[in-house]
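Novice: Below you'll find the structure I mean.
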Amino acid sequence: MSVLDMIIQQSINGLMLGIMYSLVAVGFTLYFGVLNVINFSHGDFFMLGGFMALILYGIADTLGWTQNVPLLIIYLFLGSMILTALIAIITARICVKPVSKAPMLISLLVTLGLGIAIREAVRVFYPRGSDPKGFPTLLPQGSLSIGNIVIRYENVIIFVLGVLVIVVVNYLITKTKMGMAIRAVAQDGEAAMMMGVDLDRTIDITFLIGAAVAAVAGIMNGFYYGQIMFNMGAMMGVIGFSASVIGGLGNVYGAIVGGILFGLLETFAAATLPMGAENKRVFAFFIVILFLVFKPTGILGEKVYERV
Amino acid sequence: MANNQHEKEAFRGTGGLLLTLGIELVLYALIMAIFLDHGGTTLIIDVILAAAAIVYFKRNHALADKISATLAANRKAAWIGVIVLLLAVPFVLQASAYWLFIVITAGLFMMACLGLNIQLGSTGMMNLAGAAFQAFGAYTAGLLALNYGLPTWLTLLAGALVTGLFSILLFIPVLKTKGHYLALVTIAFQFMVVILVENMEWTGGPQGLKNIPLMNFFGYSFNEPLNLGFITLHKYANYYYFTLLLLFALGIAAHRIYHSWVGVTAATIRDDEVAAQTNGVQVNKWKLTLFVLGNCFIGLSGAFYSHMVGFISPPNFAFDKSLVMVSIVILGGMDNVLGIILGAFLLIILPEKLRFIQDYRFMIYGIVLIVMLIFQPRGLLPFVPRSYAELIQRYRHKLLQGKKAQGGQEA
Amino acid sequence: MNNNKILYTQDLSIHFGGLVAVDRVNIEVQRNTILGLIGPNGSGKTTIFNMLTGLYIPTGGNFFFEGESLLGKPPYEIARKGIARTFQSSRLCLDLSVLDNVFIGMHPRQKHWLTSAVFRRSALAEEVYQAYEKAMHLLNIFNPELVKRSSEPAGRLPQIDRRRVEICRAMAMSPKLLLLDEPSAGMTPEEITELMNDIRKVQQESEDITIIIVEHVMSVIRTITDHVVVLNFGRKIAEGTFHEISHNPEVREAYLGKRG
Ligand SMILES: Nc1ncnc2c1ncn2[C@@H]1O[C@H](COP(=O)(O)OP(=O)(O)O)[C@@H](O)[C@H]1O
Ligand SMILES: [Mg+2]
């Protein structure tokens, strides 16, 4: 396998992973824009997405609705997105919104606590929740080879789906009225309220979009790895937050770029560094720290002059 | 200057003394009963009593003030009482070594959180990598003892100092980032450390280190029951007394640092870095000093742990543990040494007692964290403004003498 | 005489991205005088203070304090050279006691740190005691009430007292140059008169203190300043005594006219 082949292969793998990270990162950026809060429980919405799909699959299975696979997949995605978003909206109302004006330390810990509560609830209430759960194989298996490069069909579908979701989110945020409201609140909450934006509704919608998109990522993750686990949200939360920071917190495009970059960092580290497979995240986090220190505004962030 | 208010409002004389010791004894009995009771009834009764007391004293400020004034007026007796009662713990828990072990564990959390409080509570530097720094201390001590057979006092010291030294890895990020970003840096660091420890060979990988020598000071092994002549206490009593000693030393040090220019400087950095700078504070120097100092405390607790349990592995230092440490500091009350002790008691010992709700423990833990922070964001024992009365009072004679001497010379 | 100039700037400038906030400003301040710095909102007054205290690094020009260029020096070093300031929107630590807020002003002079804090309490106690007396003395000048409330959190004080405490904090540094950024903002005329008297008292207290004051209230500028510099859009448009500048047509148009 030539170096070029390796680069192409790893880029494909990285893009695949990266798009998943991007979907999680988008939520961080949206919440931060609207509520000025880093919602550390967001990774657990990602995890919930996977588990909701699993529950829905279980229901479909007992009812014998598993013949029409495309329809089943759509049902899993839509159902899981709706359920996850509902939980996100409720939890946001109960515990994220009340602390959005509190010192950052408080909102940080409350959302971390919320993450624990969600994760533990899944572990306790899902049958044998502590074990890894197998995820149904619904996407077509097999792969396509071009020269030395192998592309799994599954990955292509996941990637295309990810791009599709991003396009839809972008459309919602830039072209629709509620998207405008979200952006207006992110710009200046007070001014937006004076112009008649309903803040509570905007917050609900923000969490709806953020969590639904994270749920998509959670299901994709299930298809990709074939299994899910109650505690996978913690790490994904950190990755998503990292990605949104690399891209520039508050900027939706930044989150997407950041997510893909993080995915690429991981796959290339795994392929090229000694012990890379085990330590790929160490490398990726190292780069994140460098970013935070030397370019805290991220790739797409503008330079701001700190006011005194 | 002299703050005589306390003495004015307090119950005076023997009555005050008896009240002080009585309160201590009752509290002690209520707490110890939790441990000795195999079920959870005592705990529930205690919680109800505590809630009732809080409600009662909220309505009866005068009495609450009077009691706290009495305690303040009988400071010395109160401290002696507390020390005696604490020394008695291994006797009371003689039949339940398990609880003694839990108490020691809570003590180690207190130790770590005293350090974390210097960083987070006093100076406002978020550190969500507490468990990772504890790992530095634990692995340093463990490896030194296993590979070089160094004595315990040296490995403990090395554990603390090496942890402080390793904080250098985070120097630049800690100075350059704030708020959410600093939180992310420390979380990333926490994950990096655990992954590395897991994948390196000389740390024992996922299996960790086994058979770390237990504590031994100049031939006295902590692994033997503690024979006092009239009674033989469980071997954990050794660790308990040593923890107590360290906690007293570190607690007093932390308390003194708080009541000093260092405390004032740290608090100013926390509340307004710009104001600190324009008043001549070398913000970076102090942040580094206090970050390193705090990590030394955390490292020491890690080193202690490895020599007490004899076995450490990466899961012992996972992110959740860092989270627990931060919760202790915030729930107890930021920048408040007593708050740490209360916080560790509530977050380490109580959940252990809640084993009867087994699986739901951590979920409830998360919910309690949320509820507490929403309704009591300043912690159970909120920050009270520093008072210098005590410091000046204590050295009053000296100060007055010095003044007289000066006056004499001038005349 | 040259050494009578405690501070002067040479073409001091700064821009934020495309915005030129301060544009080649030259100011001279004579020792032991009070200089008024005036100009409409956004004309760059606070920004000049921020550069003089090292919070912003000028993008052009230079400034000299006691003959030495302090360009690029960190804020703490500039403070230690003897420049203290207050802020337009008060920057007290509201959770800390009034006393602690004043104590931080004495930070550069304090000698007893970590080791004393833990092991040599008596030495620390002595220093604390001296600091305490000095702080009480300062607070007493501004408002005897503050002495009584010195151990309360600063956040419990009314706005005017907070400003006073902030000036006390700056004075606690025993500065040679004191920068006051709109000290009277939000005060009634009587309170302003009081504050001006306090500032005069402060000046009399220490033999060597120079003040630059940013003010919108013209009566203040008229009564206490020796010399006035007028800024507009980041440029110096006039300077002189209050009488001189108040008759300057450009100033009237840019500033006095608008403000009435
Ligand atoms: N940190 C900053 N970033 C961007 N613009 C700034 C910053 N600080 C000040 N400015 C701008 O510089 C100009 C001067 O501001 P300032 O010095 O605060 O005026 P004032 O004379 O009212 O004190 C204003 O236009 C302000 O917006
Ligand atoms: Mg201004």
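We label chains A, B, ... in the order they appear in the structure tokens, count residues from 1 in each chain, and number ligands from 1 in the order shown.
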Write out as an mmCIF file with C-alpha atoms, in the first residue's frame each polymer residue (protein, DNA or RNA) that has an atom no more than 6 Å from ligand 1, with only C-alpha atoms and all ligand atoms counted.
Specialist:
```cif
data_model
loop_
_atom_site.group_PDB
_atom_site.id
_atom_site.type_symbol
_atom_site.label_atom_id
_atom_site.label_comp_id
_atom_site.auth_asym_id
_atom_site.auth_seq_id
_atom_site.Cartn_x
_atom_site.Cartn_y
_atom_site.Cartn_z
ATOM 1 C CA TYR A 305 -9.983 42.130 21.805
ATOM 2 C CA GLU A 306 -10.618 41.445 25.417
ATOM 3 C CA ARG A 307 -12.293 44.477 26.904
ATOM 4 C CA PHE C 16 -8.595 47.521 17.412
ATOM 5 C CA ALA C 21 -9.309 54.268 19.251
ATOM 6 C CA ASN C 41 -18.087 59.052 25.080
ATOM 7 C CA GLY C 42 -15.923 56.742 23.026
ATOM 8 C CA SER C 43 -13.212 59.325 22.501
ATOM 9 C CA GLY C 44 -10.537 57.059 23.952
ATOM 10 C CA LYS C 45 -10.092 58.235 27.529
ATOM 11 C CA THR C 46 -10.469 54.858 29.193
ATOM 12 C CA THR C 47 -8.353 53.305 26.475
#
```
Novice: Which of segment 51-268 of chain A counts as strand (DSSP E or B) under DSSP, as an NGL selection string please?
Specialist: :A and (133-134 or 143-146 or 149-152 or 227-228)
Novice: Store the residues of this selection in a file with C-alpha atoms, as a compact mmCIF listing (two decimals), in the first residue's frame.
Specialist:
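Here's the written file out-v8.txt:
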```
# COMPACT_ATOMS: atom_id res chain seq x y z
CA LYS A 133 -25.54 -3.81 23.81
CA GLY A 134 -25.43 -5.28 20.34
CA SER A 143 -17.45 -3.01 0.46
CA LEU A 144 -16.16 -1.41 -2.66
CA SER A 145 -12.49 -1.62 -3.61
CA ILE A 146 -10.73 0.93 -5.76
CA ILE A 149 -8.57 1.49 -1.07
CA VAL A 150 -11.51 -0.18 0.62
CA ILE A 151 -14.74 1.64 1.20
CA ARG A 152 -17.52 -0.02 3.16
CA GLN A 227 -22.65 -2.13 19.72
CA ILE A 228 -23.37 0.66 22.19
```
Novice: Taking only C-alpha atoms into account and nothing else, which residues of chain C lie no more than 9 Å away from chain A? Please answer as JSON, numbers by chain.
Specialist: {"C": [16, 17, 47, 50, 55, 56, 87]}
Novice: Taking 5 positions as the minimum chain separation for residues in the same chain, which residues sit within 6 Å of segment 174-184 of chain C when counting only C-alpha atoms? Answer as a list of chain:residue names.
Specialist: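 Counting only the stated atoms, we get C:Gly82, C:Ile83, C:Ala84, C:Arg85, C:Thr86, C:Phe87, C:Gln88, C:Ile192, C:Ile209, C:Thr210, C:Ile211, C:Ile212, C:Ile213, C:Val214, C:Glu215.
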Novice: For chain C, which residues have at least one atom within 7 Å of chain B, if we go by only C-alpha atoms? Write them as a ChimeraX atom specification, please.
Specialist: /C:53,75-77,79-80,84,91,93,96-97,100,104-105,107-108,113-114,117-118,122,125-126,129,151,153
Novice: Would you output that residue set with N, CA and C atoms, as a PDB file, in the first residue's frame?
Specialist:
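Saved as selection.pdb:
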```pdb
ATOM      1  N   THR C  53      -1.702  51.709  32.091  1.00  0.00           N
ATOM      2  CA  THR C  53      -1.568  50.711  33.154  1.00  0.00           C
ATOM      3  C   THR C  53      -1.163  49.348  32.612  1.00  0.00           C
ATOM      4  N   PRO C  75       1.145  44.807  33.533  1.00  0.00           N
ATOM      5  CA  PRO C  75       0.420  45.688  34.458  1.00  0.00           C
ATOM      6  C   PRO C  75       0.987  45.681  35.871  1.00  0.00           C
ATOM      7  N   TYR C  76       1.349  44.479  36.366  1.00  0.00           N
ATOM      8  CA  TYR C  76       1.798  44.462  37.768  1.00  0.00           C
ATOM      9  C   TYR C  76       3.076  45.255  37.954  1.00  0.00           C
ATOM     10  N   GLU C  77       3.924  45.256  36.912  1.00  0.00           N
ATOM     11  CA  GLU C  77       5.180  45.974  37.040  1.00  0.00           C
ATOM     12  C   GLU C  77       4.915  47.473  37.022  1.00  0.00           C
ATOM     13  N   ALA C  79       2.220  48.904  37.983  1.00  0.00           N
ATOM     14  CA  ALA C  79       1.634  49.247  39.276  1.00  0.00           C
ATOM     15  C   ALA C  79       2.737  49.426  40.317  1.00  0.00           C
ATOM     16  N   ARG C  80       3.710  48.531  40.276  1.00  0.00           N
ATOM     17  CA  ARG C  80       4.791  48.613  41.257  1.00  0.00           C
ATOM     18  C   ARG C  80       5.681  49.829  41.061  1.00  0.00           C
ATOM     19  N   ALA C  84      -1.396  53.883  40.017  1.00  0.00           N
ATOM     20  CA  ALA C  84      -2.601  53.190  40.494  1.00  0.00           C
ATOM     21  C   ALA C  84      -3.795  53.758  39.748  1.00  0.00           C
ATOM     22  N   ARG C  91     -14.476  47.993  39.885  1.00  0.00           N
ATOM     23  CA  ARG C  91     -13.957  46.619  39.862  1.00  0.00           C
ATOM     24  C   ARG C  91     -13.524  46.191  41.239  1.00  0.00           C
ATOM     25  N   CYS C  93     -13.897  43.512  44.402  1.00  0.00           N
ATOM     26  CA  CYS C  93     -14.307  42.121  44.571  1.00  0.00           C
ATOM     27  C   CYS C  93     -15.463  42.143  45.560  1.00  0.00           C
ATOM     28  N   LEU C  96     -15.632  39.921  48.729  1.00  0.00           N
ATOM     29  CA  LEU C  96     -14.614  40.098  49.762  1.00  0.00           C
ATOM     30  C   LEU C  96     -14.965  41.283  50.645  1.00  0.00           C
ATOM     31  N   SER C  97     -14.388  41.276  51.848  1.00  0.00           N
ATOM     32  CA  SER C  97     -14.680  42.363  52.773  1.00  0.00           C
ATOM     33  C   SER C  97     -14.070  43.657  52.241  1.00  0.00           C
ATOM     34  N   ASP C 100     -10.395  43.598  52.876  1.00  0.00           N
ATOM     35  CA  ASP C 100      -9.602  42.807  51.934  1.00  0.00           C
ATOM     36  C   ASP C 100      -9.400  43.558  50.632  1.00  0.00           C
ATOM     37  N   ILE C 104      -5.545  44.560  49.164  1.00  0.00           N
ATOM     38  CA  ILE C 104      -4.887  44.132  47.937  1.00  0.00           C
ATOM     39  C   ILE C 104      -4.093  45.295  47.340  1.00  0.00           C
ATOM     40  N   GLY C 105      -4.515  46.513  47.647  1.00  0.00           N
ATOM     41  CA  GLY C 105      -3.736  47.666  47.179  1.00  0.00           C
ATOM     42  C   GLY C 105      -2.349  47.695  47.788  1.00  0.00           C
ATOM     43  N   HIS C 107      -0.583  45.081  48.292  1.00  0.00           N
ATOM     44  CA  HIS C 107       0.077  43.840  47.890  1.00  0.00           C
ATOM     45  C   HIS C 107       1.571  43.997  47.602  1.00  0.00           C
ATOM     46  N   PRO C 108       1.979  44.974  46.777  1.00  0.00           N
ATOM     47  CA  PRO C 108       3.397  45.038  46.430  1.00  0.00           C
ATOM     48  C   PRO C 108       4.309  45.264  47.631  1.00  0.00           C
ATOM     49  N   TRP C 113       4.634  35.980  53.039  1.00  0.00           N
ATOM     50  CA  TRP C 113       3.830  35.155  52.155  1.00  0.00           C
ATOM     51  C   TRP C 113       3.667  33.744  52.680  1.00  0.00           C
ATOM     52  N   LEU C 114       3.847  32.761  51.805  1.00  0.00           N
ATOM     53  CA  LEU C 114       3.457  31.396  52.180  1.00  0.00           C
ATOM     54  C   LEU C 114       4.103  30.886  53.466  1.00  0.00           C
ATOM     55  N   ALA C 117       2.868  32.675  56.401  1.00  0.00           N
ATOM     56  CA  ALA C 117       1.459  32.378  56.631  1.00  0.00           C
ATOM     57  C   ALA C 117       1.322  31.098  57.430  1.00  0.00           C
ATOM     58  N   VAL C 118       2.135  30.088  57.099  1.00  0.00           N
ATOM     59  CA  VAL C 118       1.986  28.795  57.760  1.00  0.00           C
ATOM     60  C   VAL C 118       2.818  28.709  59.036  1.00  0.00           C
ATOM     61  N   SER C 122       3.267  35.189  63.864  1.00  0.00           N
ATOM     62  CA  SER C 122       3.408  36.433  64.614  1.00  0.00           C
ATOM     63  C   SER C 122       3.970  37.526  63.712  1.00  0.00           C
ATOM     64  N   ALA C 125       1.168  38.592  61.645  1.00  0.00           N
ATOM     65  CA  ALA C 125       0.198  39.364  62.419  1.00  0.00           C
ATOM     66  C   ALA C 125       0.631  40.818  62.514  1.00  0.00           C
ATOM     67  N   GLU C 126       1.903  41.025  62.680  1.00  0.00           N
ATOM     68  CA  GLU C 126       2.383  42.395  62.800  1.00  0.00           C
ATOM     69  C   GLU C 126       2.124  43.163  61.511  1.00  0.00           C
ATOM     70  N   TYR C 129      -1.461  43.886  61.134  1.00  0.00           N
ATOM     71  CA  TYR C 129      -1.887  44.943  62.035  1.00  0.00           C
ATOM     72  C   TYR C 129      -1.569  46.323  61.447  1.00  0.00           C
ATOM     73  N   SER C 151     -15.626  45.065  57.775  1.00  0.00           N
ATOM     74  CA  SER C 151     -15.530  43.620  57.599  1.00  0.00           C
ATOM     75  C   SER C 151     -16.733  43.056  56.855  1.00  0.00           C
ATOM     76  N   PRO C 153     -18.960  42.416  53.366  1.00  0.00           N
ATOM     77  CA  PRO C 153     -18.615  42.278  51.942  1.00  0.00           C
ATOM     78  C   PRO C 153     -18.829  43.611  51.226  1.00  0.00           C
TER      79      PRO C 153
END
```
Novice: Taking only C-alpha atoms into account and nothing else, which residues of chain A lie no more than 9 Å away from chain B? Please answer as a ChimeraX atom specification.
Specialist: /A:37-38,95,98-99,102,104-121,123-124,235,238-239,241-242,245,275,278-279,281-283,285-286,288-290,292-294,296,308
Novice: What's around segment 338-348 of chain B at 6 Å? Count only C-alpha atoms, leave out sequence neighbours fewer than 5 positions away in its own chain, and write the answer as a PyMOL selection string.
Specialist: chain B and resi 106+110+328-329+331-333+381
